[in-house]
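Engineer: One structure, pasted below without further comment.
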6 protein chains.
Amino acid sequence: MSKRVAVYRKEHFNAAHRLFRPDLSAQENDRLFGKCALPNYHGHNYELIVKVTGEPDPITGYVVDMKWISDLVQEKIIERFDHRNLNLDTQEFKALNPTAENIAIVIYDLLRPHVLAQHDLQIRLYETPRNFVEYPA
Amino acid sequence: MSKRVAVYRKEHFNAAHRLFRPDLSAQENDRLFGKCALPNYHGHNYELIVKVTGEPDPITGYVVDMKWISDLVQEKIIERFDHRNLNLDTQEFKALNPTAENIAIVIYDLLRPHVLAQHDLQIRLYETPRNFVEYPA
Amino acid sequence: MSKRVAVYRKEHFNAAHRLFRPDLSAQENDRLFGKCALPNYHGHNYELIVKVTGEPDPITGYVVDMKWISDLVQEKIIERFDHRNLNLDTQEFKALNPTAENIAIVIYDLLRPHVLAQHDLQIRLYETPRNFVEYPA
Amino acid sequence: MSKRVAVYRKEHFNAAHRLFRPDLSAQENDRLFGKCALPNYHGHNYELIVKVTGEPDPITGYVVDMKWISDLVQEKIIERFDHRNLNLDTQEFKALNPTAENIAIVIYDLLRPHVLAQHDLQIRLYETPRNFVEYPA
Amino acid sequence: MSKRVAVYRKEHFNAAHRLFRPDLSAQENDRLFGKCALPNYHGHNYELIVKVTGEPDPITGYVVDMKWISDLVQEKIIERFDHRNLNLDTQEFKALNPTAENIAIVIYDLLRPHVLAQHDLQIRLYETPRNFVEYPA
Amino acid sequence: MSKRVAVYRKEHFNAAHRLFRPDLSAQENDRLFGKCALPNYHGHNYELIVKVTGEPDPITGYVVDMKWISDLVQEKIIERFDHRNLNLDTQEFKALNPTAENIAIVIYDLLRPHVLAQHDLQIRLYETPRNFVEYPA
């Protein structure tokens with residue numbers, strides 16, 4: 001019988017962002033995003049939990065080595081977003097509003113090609129300890 | 001392809017309660033609920049996590065605005081239960097034992113009508129950092 | 001040279017309470033204590049951190065055995081307050097308003113006689129994760 | 001309509017372990033497990049979250065009494081693993097590498113016979129605050 | 001005998017910032033501040049703990065009402081810094097490098113005039129869960 | 001006027017240990033240390049908070065760069081103790097019982113020579129989330 005186990009690794013990065021759409025008026029941006037639309041950016045300590053699900057390898061007892069997840073996240077996500085301004089400094093959010101939802105989808109799309117096909121991947125992203133998202137749901 | 005994302009918002013309230021059934025003897029209440037049945041109530045800092053799942057809006061990048069969840073919980077849950085005695089002060093637990101399970105179900109039923117039909121709703125309720133429940137499972 | 005070390009042990013209890021003074025009007029109690037004065041009580045998961053400071057014993061390397069602190073707190077504090085209504089069920093708060101400040105002072109006074117004279121004692125009490133007190137300051 | 005609720009109880013134990021396979025060379029163990037293969041063991045504060053899912057009992061309002069879960073975990077898991085060396089002191093990991101994945105599966109198998117057939121069981125195990133697993137996934 | 005108690009209240013705000021000195025070269029800023037000097041800002045979820053020490057009022061049992069601290073911090077600190085860019089949007093950090101140390105000193109100086117002379121004030125500021133400061137030490 | 005600020009940096013390491021004295025009988029070790037004396041070791045996720053107190057540098061606004069503390073702790077403490085057996089693998093605890101008190105004193109003594117003379121140093125060490133120590137007190 002198959003025994004699927006989920007493995008979680010928690011990482012973090014700090015970034016600045018602002019929520020707004022350049023195609024909408026300042027008034028409309030304020031109505032939609034409130035303080036999050038303020039022009040000079042604010043920021044967060046993003047906590048990122050990467051979940052990989054699969055069967056433990058019969059030799060190692062690992063689904064995947066958590067250090068491997070950590071290194072992958074370091075290379076593909078932290079190097080890209082840590083201490084950056086998501087709106088100004090990244091290709092990914094040039095035309096995409098950096099809501100927690102969209103950041104989680106972007107992180108998933110960046111990591112998915114590097115995870116084995118037989119493994120499932122899920123991203124949880126904490127924007128603050130009280131606001132967080134999960135993708136895919 | 002549909003991209004469903006789960007959005008979580010954490011809130012809290014403080015309340016007194018006691019677990020007991022008026023139709024059972026004191027002895028039977030003590031056997032079932034132990035110290036939780038003591039007559040003069042005890043209390044908890046309840047931590048409440050509301051999860052709403054759906055597709056991000058293509059304009060805003062939000063499934064729902066977390067501030068909207070926060071305001072809804074404030075109006076429908078916190079105003080009703082915060083700093084209250086669940087057994088004495090609320091309509092909901094007049095005839096229903098205020099276990100964590102039942103409180104979560106009640107909160108779900110109070111919020112569900114206000115969440116869009118295409119969105120899923122789930123409640124996690126921490127009675128203490130070591131005891132918590134989730135509904136629907 | 002003397003090497004004083006502080007040893008901390010964290011415990012918890014759940015209790016109901018209400019803040020009010022019977023010698024004041026309902027209006028005055030409401031002005032002073034707001035929702036905390038509501039008549040049917042509310043409650044908290046109190047987190048209690050007991051700090052004992054002294055020199056490590058040259059044989060054991062302990063200032064005091066943390067299990068000894070835990071047992072002492074269990075016997076003198078948890079048995080007395082856990083799952084109780086502080087206003088109704090305890091001698092200590094019959095005539096004393098159970099603010100976090102006063103609860104901390106009462107806990108200190110209950111534990112101090114059992115701690116060695118050459119050791120210092122300090123109490124930290126969390127009423128919620130955002131409201132806490134320390135005594136003596 | 002059925003109303004399934006998940007009930008969670010958090011416990012902990014401290015243990016020593018080392019990741020290695022006696023049938024592999026020291027070099028191969030180092031390649032697979034790095035510092036986790038060091039010969040004299042290291043250790044963790046394991047945080048264990050047990051999830052039981054079912055319908056609340058119409059009398060008590062409990063799926064199961066959380067104190068019952070706590071007592072069960074105490075008897076079947078904590079007594080067995082707490083303050084032990086998983087590789088040397090336990091039957092379960094004599095021939096099984098004590099990765100977080102395998103520990104979670106072992107705990108599940110030890111608890112499953114004691115949980116009602118109509119209830120689901122799931123184990124979450126934190127090896128560190130940043131590394132954790134869940135079984136079944 | 002005087003019984004001084006410390007009362008703590010935890011609040012938070014999110015802000016963008018960057019560490020650099022306009023009077024130094026880019027190279028020198030990079031040497032001193034590394035990634036924190038990147039030109040387009042990054043950000044943090046700042047957790048702020050305000051400590052007020054004094055004797056409990058004999059009538060209320062409060063040193064100060066924690067809600068009063070919370071309202072004061074809201075008015076003087078959160079309104080000023082939350083969702084702002086500390087370098088661009090605030091008077092305080094126009095000519096002062098917004099290190100955690102300097103932010104804590106600025107917050108102290110903003111709050112001190114509003115705290116009673118017989119009360120002591122101390123600020124703890126978490127820039128991340130792993131980096132924090134306290135003033136005065 | 002001097003403005004002293006305390007700067008804190010949190011790090012962690014995992015280690016195995018056992019509390020016992022070779023010059024005492026097994027019975028006496030059991031009486032003194034209980035389960036902590038079990039012969040095959042157990043282990044902990046140690047959380048280490050290093051506090052350095054001094055005046056912020058007028059140029060940088062730093063008391064010390066937190067990255068510098070982090071690197072120092074990495075080199076002097078983590079490399080030495082992480083994934084090690086404190087009793088068997090370290091010089092420091094060959095003849096010293098590795099209680100939390102003694103580990104904190106040893107860490108202080110290892111770091112103190114590397115911290116500027118005008119700065120104060122204090123160590124807080126969490127053996128578990130409920131047991132921790134501070135040195136000097």
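The way I read the labels, and the way they are meant: chains A, B, ... in the order of the structure tokens, residue 1 as the first residue of every chain, and ligand 1 as the first ligand shown, with later ones counted on from there.
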For chain F, which residues have at least one atom within 9 Å of chain D, if we go by only C-alpha atoms? Write them as a VMD selection string, please.
Structural biologist: chain F and resid 14 to 17 35 to 46 82 to 86 88 to 89 127 to 129
Engineer: Just fit chain B onto chain A on all the Cα atoms, in order, by least squares, and give it as a short mmCIF file (atom, residue, chain, number, x, y, z; two decimals) with N, CA and C atoms, in the first residue's frame.
Structural biologist:
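Contents of the output file out-v1.cif:
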data_model
loop_
_atom_site.label_atom_id
_atom_site.label_comp_id
_atom_site.auth_asym_id
_atom_site.auth_seq_id
_atom_site.Cartn_x
_atom_site.Cartn_y
_atom_site.Cartn_z
N MET B 1 0.94 -1.20 -0.07
CA MET B 1 0.07 -0.03 -0.03
C MET B 1 0.92 1.25 -0.04
N SER B 2 0.47 2.22 -0.75
CA SER B 2 1.24 3.46 -0.83
C SER B 2 1.06 4.29 0.43
N LYS B 3 2.15 4.88 0.90
CA LYS B 3 2.13 5.71 2.11
C LYS B 3 2.64 7.09 1.77
N ARG B 4 1.73 7.99 1.42
CA ARG B 4 2.17 9.34 1.08
C ARG B 4 2.30 10.19 2.34
N VAL B 5 3.43 10.89 2.40
CA VAL B 5 3.73 11.77 3.53
C VAL B 5 3.96 13.17 2.98
N ALA B 6 3.49 14.19 3.69
CA ALA B 6 3.78 15.58 3.32
C ALA B 6 4.97 16.08 4.12
N VAL B 7 5.91 16.72 3.44
CA VAL B 7 7.09 17.28 4.08
C VAL B 7 7.03 18.80 3.92
N TYR B 8 7.23 19.52 5.03
CA TYR B 8 7.13 20.98 5.04
C TYR B 8 8.48 21.60 5.40
N ARG B 9 8.80 22.67 4.73
CA ARG B 9 10.00 23.44 5.07
C ARG B 9 9.64 24.93 5.09
N LYS B 10 10.01 25.60 6.17
CA LYS B 10 9.67 27.02 6.36
C LYS B 10 10.88 27.90 6.07
N GLU B 11 10.68 28.91 5.24
CA GLU B 11 11.75 29.87 4.93
C GLU B 11 11.17 31.29 5.07
N HIS B 12 11.99 32.31 4.89
CA HIS B 12 11.43 33.66 4.95
C HIS B 12 12.22 34.63 4.10
N PHE B 13 11.54 35.70 3.73
CA PHE B 13 12.22 36.80 3.04
C PHE B 13 11.51 38.11 3.39
N ASN B 14 12.24 39.20 3.27
CA ASN B 14 11.68 40.52 3.53
C ASN B 14 11.60 41.29 2.22
N ALA B 15 10.48 41.95 1.99
CA ALA B 15 10.36 42.68 0.74
C ALA B 15 9.44 43.88 0.92
N ALA B 16 9.58 44.85 0.03
CA ALA B 16 8.65 45.97 -0.05
C ALA B 16 7.67 45.69 -1.17
N HIS B 17 6.47 46.20 -1.04
CA HIS B 17 5.52 46.14 -2.14
C HIS B 17 4.45 47.21 -1.97
N ARG B 18 3.60 47.30 -2.94
CA ARG B 18 2.44 48.18 -2.90
C ARG B 18 1.41 47.53 -3.78
N LEU B 19 0.15 47.61 -3.37
CA LEU B 19 -0.93 47.05 -4.17
C LEU B 19 -1.59 48.18 -4.96
N PHE B 20 -1.50 48.09 -6.29
CA PHE B 20 -2.23 49.07 -7.09
C PHE B 20 -2.21 48.63 -8.55
N ARG B 21 -3.10 49.20 -9.31
CA ARG B 21 -3.15 48.92 -10.74
C ARG B 21 -2.95 50.22 -11.50
N PRO B 22 -1.93 50.27 -12.35
CA PRO B 22 -1.66 51.52 -13.07
C PRO B 22 -2.80 51.93 -14.01
N ASP B 23 -3.61 50.97 -14.38
CA ASP B 23 -4.71 51.29 -15.31
C ASP B 23 -5.94 51.85 -14.58
N LEU B 24 -5.87 51.96 -13.26
CA LEU B 24 -7.01 52.52 -12.51
C LEU B 24 -6.61 53.86 -11.91
N SER B 25 -7.62 54.67 -11.59
CA SER B 25 -7.38 55.98 -10.99
C SER B 25 -6.85 55.82 -9.56
N ALA B 26 -6.22 56.86 -9.05
CA ALA B 26 -5.76 56.86 -7.66
C ALA B 26 -6.93 56.60 -6.72
N GLN B 27 -8.07 57.23 -7.04
CA GLN B 27 -9.27 57.07 -6.21
C GLN B 27 -9.72 55.60 -6.18
N GLU B 28 -9.73 54.99 -7.36
CA GLU B 28 -10.16 53.60 -7.45
C GLU B 28 -9.14 52.68 -6.74
N ASN B 29 -7.85 52.94 -6.91
CA ASN B 29 -6.85 52.17 -6.19
C ASN B 29 -7.03 52.30 -4.68
N ASP B 30 -7.33 53.51 -4.24
CA ASP B 30 -7.54 53.72 -2.80
C ASP B 30 -8.77 52.95 -2.32
N ARG B 31 -9.83 52.96 -3.13
CA ARG B 31 -11.04 52.23 -2.74
C ARG B 31 -10.77 50.73 -2.65
N LEU B 32 -10.01 50.21 -3.61
CA LEU B 32 -9.75 48.76 -3.63
C LEU B 32 -8.72 48.31 -2.60
N PHE B 33 -7.67 49.13 -2.39
CA PHE B 33 -6.52 48.63 -1.64
C PHE B 33 -6.18 49.43 -0.39
N GLY B 34 -6.87 50.55 -0.17
CA GLY B 34 -6.67 51.33 1.06
C GLY B 34 -5.22 51.70 1.27
N LYS B 35 -4.74 51.53 2.52
CA LYS B 35 -3.36 51.91 2.85
C LYS B 35 -2.34 51.11 2.04
N CYS B 36 -2.74 49.93 1.55
CA CYS B 36 -1.80 49.10 0.79
C CYS B 36 -1.43 49.73 -0.56
N ALA B 37 -2.20 50.76 -0.97
CA ALA B 37 -1.91 51.43 -2.24
C ALA B 37 -1.03 52.66 -2.08
N LEU B 38 -0.63 53.00 -0.87
CA LEU B 38 0.17 54.22 -0.65
C LEU B 38 1.40 54.20 -1.55
N PRO B 39 1.75 55.35 -2.14
CA PRO B 39 2.68 55.36 -3.28
C PRO B 39 4.12 54.95 -2.98
N ASN B 40 4.60 55.16 -1.74
CA ASN B 40 6.02 54.90 -1.49
C ASN B 40 6.31 53.51 -0.91
N TYR B 41 5.32 52.60 -1.02
CA TYR B 41 5.55 51.21 -0.62
C TYR B 41 5.55 51.02 0.91
N HIS B 42 5.26 49.79 1.30
CA HIS B 42 5.45 49.35 2.67
C HIS B 42 6.06 47.95 2.54
N GLY B 43 6.12 47.19 3.61
CA GLY B 43 6.81 45.91 3.44
C GLY B 43 6.39 44.89 4.47
N HIS B 44 6.92 43.70 4.28
CA HIS B 44 6.55 42.59 5.13
C HIS B 44 7.74 41.65 5.35
N ASN B 45 7.69 40.92 6.49
CA ASN B 45 8.51 39.72 6.67
C ASN B 45 7.67 38.56 6.17
N TYR B 46 7.89 38.15 4.95
CA TYR B 46 7.12 37.03 4.41
C TYR B 46 7.66 35.72 4.95
N GLU B 47 6.75 34.90 5.51
CA GLU B 47 7.11 33.53 5.92
C GLU B 47 6.54 32.59 4.87
N LEU B 48 7.37 31.73 4.36
CA LEU B 48 7.00 30.86 3.25
C LEU B 48 7.14 29.40 3.70
N ILE B 49 6.04 28.66 3.56
CA ILE B 49 6.09 27.22 3.88
C ILE B 49 5.86 26.43 2.60
N VAL B 50 6.84 25.61 2.23
CA VAL B 50 6.78 24.80 1.02
C VAL B 50 6.45 23.37 1.45
N LYS B 51 5.40 22.81 0.85
CA LYS B 51 4.94 21.46 1.18
C LYS B 51 5.14 20.56 -0.04
N VAL B 52 5.87 19.47 0.14
CA VAL B 52 6.08 18.49 -0.93
C VAL B 52 5.53 17.15 -0.43
N THR B 53 4.66 16.55 -1.23
CA THR B 53 3.98 15.32 -0.81
C THR B 53 4.36 14.17 -1.74
N GLY B 54 4.72 13.04 -1.13
CA GLY B 54 5.06 11.87 -1.92
C GLY B 54 5.34 10.70 -1.00
N GLU B 55 5.83 9.63 -1.58
CA GLU B 55 6.17 8.45 -0.76
C GLU B 55 7.62 8.52 -0.32
N PRO B 56 7.87 8.18 0.95
CA PRO B 56 9.26 8.14 1.40
C PRO B 56 10.08 7.16 0.58
N ASP B 57 11.29 7.55 0.25
CA ASP B 57 12.23 6.67 -0.43
C ASP B 57 12.57 5.49 0.50
N PRO B 58 12.51 4.26 -0.01
CA PRO B 58 12.75 3.11 0.88
C PRO B 58 14.18 3.07 1.42
N ILE B 59 15.11 3.67 0.73
CA ILE B 59 16.50 3.70 1.23
C ILE B 59 16.68 4.76 2.31
N THR B 60 16.31 5.99 2.01
CA THR B 60 16.64 7.09 2.92
C THR B 60 15.56 7.33 3.98
N GLY B 61 14.32 6.96 3.68
CA GLY B 61 13.24 7.34 4.57
C GLY B 61 12.80 8.77 4.39
N TYR B 62 13.36 9.46 3.40
CA TYR B 62 12.97 10.84 3.05
C TYR B 62 11.96 10.83 1.90
N VAL B 63 10.94 11.71 1.92
CA VAL B 63 10.23 12.04 0.69
C VAL B 63 11.17 12.84 -0.19
N VAL B 64 11.63 13.94 0.38
CA VAL B 64 12.77 14.67 -0.20
C VAL B 64 13.56 15.20 0.99
N ASP B 65 14.83 15.40 0.80
CA ASP B 65 15.66 15.97 1.85
C ASP B 65 15.21 17.41 2.08
N MET B 66 14.86 17.75 3.35
CA MET B 66 14.42 19.12 3.62
C MET B 66 15.50 20.14 3.28
N LYS B 67 16.75 19.74 3.37
CA LYS B 67 17.83 20.64 3.00
C LYS B 67 17.78 20.92 1.49
N TRP B 68 17.37 19.94 0.72
CA TRP B 68 17.21 20.15 -0.70
C TRP B 68 16.10 21.18 -0.97
N ILE B 69 14.98 21.06 -0.26
CA ILE B 69 13.93 22.08 -0.42
C ILE B 69 14.49 23.45 -0.05
N SER B 70 15.18 23.50 1.07
CA SER B 70 15.71 24.77 1.54
C SER B 70 16.65 25.40 0.52
N ASP B 71 17.53 24.59 -0.06
CA ASP B 71 18.47 25.10 -1.07
C ASP B 71 17.73 25.56 -2.32
N LEU B 72 16.73 24.78 -2.73
CA LEU B 72 15.95 25.16 -3.91
C LEU B 72 15.24 26.49 -3.70
N VAL B 73 14.63 26.65 -2.54
CA VAL B 73 13.91 27.90 -2.23
C VAL B 73 14.91 29.06 -2.16
N GLN B 74 16.06 28.81 -1.56
CA GLN B 74 17.09 29.84 -1.50
C GLN B 74 17.44 30.32 -2.91
N GLU B 75 17.67 29.37 -3.82
CA GLU B 75 18.15 29.72 -5.16
C GLU B 75 17.05 30.36 -6.01
N LYS B 76 15.84 29.79 -5.94
CA LYS B 76 14.80 30.23 -6.87
C LYS B 76 13.94 31.36 -6.32
N ILE B 77 13.81 31.48 -5.00
CA ILE B 77 12.86 32.45 -4.42
C ILE B 77 13.57 33.53 -3.61
N ILE B 78 14.38 33.10 -2.65
CA ILE B 78 14.99 34.09 -1.73
C ILE B 78 15.93 35.02 -2.50
N GLU B 79 16.78 34.46 -3.33
CA GLU B 79 17.70 35.30 -4.13
C GLU B 79 16.95 36.31 -4.99
N ARG B 80 15.76 35.93 -5.41
CA ARG B 80 15.00 36.77 -6.32
C ARG B 80 14.24 37.87 -5.58
N PHE B 81 13.67 37.55 -4.43
CA PHE B 81 12.73 38.48 -3.78
C PHE B 81 13.24 39.12 -2.50
N ASP B 82 14.23 38.50 -1.84
CA ASP B 82 14.62 38.99 -0.51
C ASP B 82 15.27 40.37 -0.60
N HIS B 83 14.81 41.27 0.27
CA HIS B 83 15.31 42.64 0.33
C HIS B 83 15.08 43.39 -0.99
N ARG B 84 14.08 42.94 -1.75
CA ARG B 84 13.73 43.61 -2.99
C ARG B 84 12.40 44.34 -2.86
N ASN B 85 12.16 45.24 -3.80
CA ASN B 85 10.87 45.88 -3.99
C ASN B 85 10.15 45.08 -5.07
N LEU B 86 9.10 44.38 -4.68
CA LEU B 86 8.46 43.44 -5.62
C LEU B 86 7.96 44.16 -6.87
N ASN B 87 7.42 45.36 -6.70
CA ASN B 87 6.89 46.09 -7.86
C ASN B 87 7.99 46.58 -8.80
N LEU B 88 9.09 47.05 -8.24
CA LEU B 88 10.11 47.71 -9.05
C LEU B 88 11.24 46.79 -9.49
N ASP B 89 11.57 45.81 -8.65
CA ASP B 89 12.81 45.06 -8.87
C ASP B 89 12.61 43.70 -9.51
N THR B 90 11.37 43.27 -9.70
CA THR B 90 11.17 41.90 -10.19
C THR B 90 10.43 41.89 -11.50
N GLN B 91 10.79 40.92 -12.32
CA GLN B 91 10.11 40.73 -13.59
C GLN B 91 8.66 40.27 -13.36
N GLU B 92 8.49 39.43 -12.35
CA GLU B 92 7.21 38.74 -12.14
C GLU B 92 6.06 39.69 -11.82
N PHE B 93 6.38 40.80 -11.12
CA PHE B 93 5.30 41.68 -10.68
C PHE B 93 5.33 43.03 -11.40
N LYS B 94 5.97 43.04 -12.55
CA LYS B 94 5.93 44.25 -13.37
C LYS B 94 4.48 44.53 -13.79
N ALA B 95 3.76 43.48 -14.19
CA ALA B 95 2.38 43.68 -14.67
C ALA B 95 1.37 42.89 -13.84
N LEU B 96 1.79 42.46 -12.67
CA LEU B 96 0.91 41.64 -11.83
C LEU B 96 0.90 42.23 -10.43
N ASN B 97 -0.29 42.46 -9.90
CA ASN B 97 -0.43 43.06 -8.57
C ASN B 97 0.13 42.10 -7.51
N PRO B 98 1.09 42.52 -6.68
CA PRO B 98 1.73 41.59 -5.74
C PRO B 98 0.91 41.35 -4.48
N THR B 99 -0.33 40.88 -4.65
CA THR B 99 -1.10 40.40 -3.49
C THR B 99 -0.48 39.10 -3.00
N ALA B 100 -0.81 38.73 -1.78
CA ALA B 100 -0.32 37.45 -1.24
C ALA B 100 -0.75 36.31 -2.16
N GLU B 101 -1.97 36.37 -2.68
CA GLU B 101 -2.46 35.32 -3.58
C GLU B 101 -1.54 35.20 -4.79
N ASN B 102 -1.25 36.34 -5.42
CA ASN B 102 -0.42 36.28 -6.62
C ASN B 102 1.02 35.89 -6.33
N ILE B 103 1.55 36.33 -5.20
CA ILE B 103 2.92 35.95 -4.85
C ILE B 103 2.99 34.43 -4.66
N ALA B 104 1.98 33.85 -4.02
CA ALA B 104 1.98 32.39 -3.81
C ALA B 104 1.92 31.65 -5.14
N ILE B 105 1.10 32.13 -6.05
CA ILE B 105 0.99 31.48 -7.37
C ILE B 105 2.33 31.58 -8.12
N VAL B 106 2.96 32.76 -8.05
CA VAL B 106 4.25 32.94 -8.73
C VAL B 106 5.30 32.01 -8.13
N ILE B 107 5.34 31.91 -6.81
CA ILE B 107 6.32 31.03 -6.17
C ILE B 107 6.07 29.57 -6.58
N TYR B 108 4.80 29.18 -6.61
CA TYR B 108 4.48 27.82 -7.05
C TYR B 108 5.00 27.58 -8.46
N ASP B 109 4.74 28.52 -9.36
CA ASP B 109 5.15 28.34 -10.76
C ASP B 109 6.67 28.32 -10.91
N LEU B 110 7.38 29.04 -10.03
CA LEU B 110 8.84 29.03 -10.09
C LEU B 110 9.42 27.72 -9.57
N LEU B 111 8.75 27.11 -8.59
CA LEU B 111 9.29 25.88 -7.98
C LEU B 111 8.83 24.61 -8.68
N ARG B 112 7.62 24.62 -9.22
CA ARG B 112 7.00 23.39 -9.74
C ARG B 112 7.90 22.63 -10.72
N PRO B 113 8.57 23.29 -11.67
CA PRO B 113 9.40 22.53 -12.62
C PRO B 113 10.56 21.78 -11.97
N HIS B 114 10.92 22.15 -10.74
CA HIS B 114 12.07 21.53 -10.10
C HIS B 114 11.69 20.41 -9.15
N VAL B 115 10.39 20.20 -8.97
CA VAL B 115 9.91 19.15 -8.08
C VAL B 115 9.53 17.94 -8.94
N LEU B 116 9.83 16.75 -8.44
CA LEU B 116 9.55 15.53 -9.21
C LEU B 116 8.07 15.45 -9.60
N ALA B 117 7.80 14.89 -10.78
CA ALA B 117 6.42 14.82 -11.30
C ALA B 117 5.51 14.03 -10.37
N GLN B 118 6.05 13.01 -9.70
CA GLN B 118 5.18 12.21 -8.82
C GLN B 118 4.95 12.88 -7.45
N HIS B 119 5.54 14.05 -7.24
CA HIS B 119 5.35 14.76 -5.98
C HIS B 119 4.38 15.92 -6.16
N ASP B 120 3.53 16.14 -5.16
CA ASP B 120 2.66 17.32 -5.15
C ASP B 120 3.37 18.47 -4.45
N LEU B 121 3.03 19.68 -4.88
CA LEU B 121 3.63 20.89 -4.30
C LEU B 121 2.52 21.82 -3.85
N GLN B 122 2.68 22.39 -2.67
CA GLN B 122 1.75 23.42 -2.22
C GLN B 122 2.53 24.51 -1.49
N ILE B 123 2.06 25.74 -1.65
CA ILE B 123 2.73 26.91 -1.07
C ILE B 123 1.82 27.55 -0.04
N ARG B 124 2.35 27.79 1.17
CA ARG B 124 1.65 28.67 2.12
C ARG B 124 2.52 29.90 2.33
N LEU B 125 1.91 31.07 2.25
CA LEU B 125 2.66 32.31 2.39
C LEU B 125 1.99 33.20 3.43
N TYR B 126 2.76 33.54 4.49
CA TYR B 126 2.29 34.48 5.51
C TYR B 126 2.77 35.89 5.14
N GLU B 127 1.82 36.78 4.92
CA GLU B 127 2.17 38.19 4.70
C GLU B 127 2.39 38.86 6.05
N THR B 128 1.52 38.49 7.01
CA THR B 128 1.70 38.86 8.41
C THR B 128 1.27 37.62 9.21
N PRO B 129 1.51 37.60 10.53
CA PRO B 129 1.03 36.44 11.29
C PRO B 129 -0.49 36.26 11.23
N ARG B 130 -1.21 37.29 10.84
CA ARG B 130 -2.68 37.20 10.81
C ARG B 130 -3.27 37.10 9.40
N ASN B 131 -2.46 37.31 8.38
CA ASN B 131 -2.93 37.24 6.99
C ASN B 131 -2.08 36.25 6.21
N PHE B 132 -2.70 35.17 5.70
CA PHE B 132 -1.90 34.23 4.92
C PHE B 132 -2.75 33.52 3.88
N VAL B 133 -2.05 32.87 2.93
CA VAL B 133 -2.74 32.24 1.80
C VAL B 133 -2.10 30.89 1.50
N GLU B 134 -2.81 30.08 0.73
CA GLU B 134 -2.34 28.75 0.37
C GLU B 134 -2.71 28.48 -1.08
N TYR B 135 -1.74 27.90 -1.83
CA TYR B 135 -2.00 27.61 -3.23
C TYR B 135 -1.22 26.37 -3.66
N PRO B 136 -1.80 25.43 -4.40
CA PRO B 136 -3.22 25.39 -4.74
C PRO B 136 -4.06 25.00 -3.52
N ALA B 137 -5.30 25.50 -3.51
CA ALA B 137 -6.18 25.22 -2.37
C ALA B 137 -6.74 23.80 -2.53
#
Engineer: Could you pull out the strand (DSSP E) residues of chain A, going by DSSP on the backbone, and write them as number ranges by chain?
Structural biologist: A: 5-17, 42-54, 84-85, 120-128, 131-135
Engineer: How would you write, as a PyMOL selection string, the set of residues in chain A that DSSP gives as helix (DSSP H, G or I)?
Structural biologist: chain A and resi 26-37+66-81+86-89+100-114
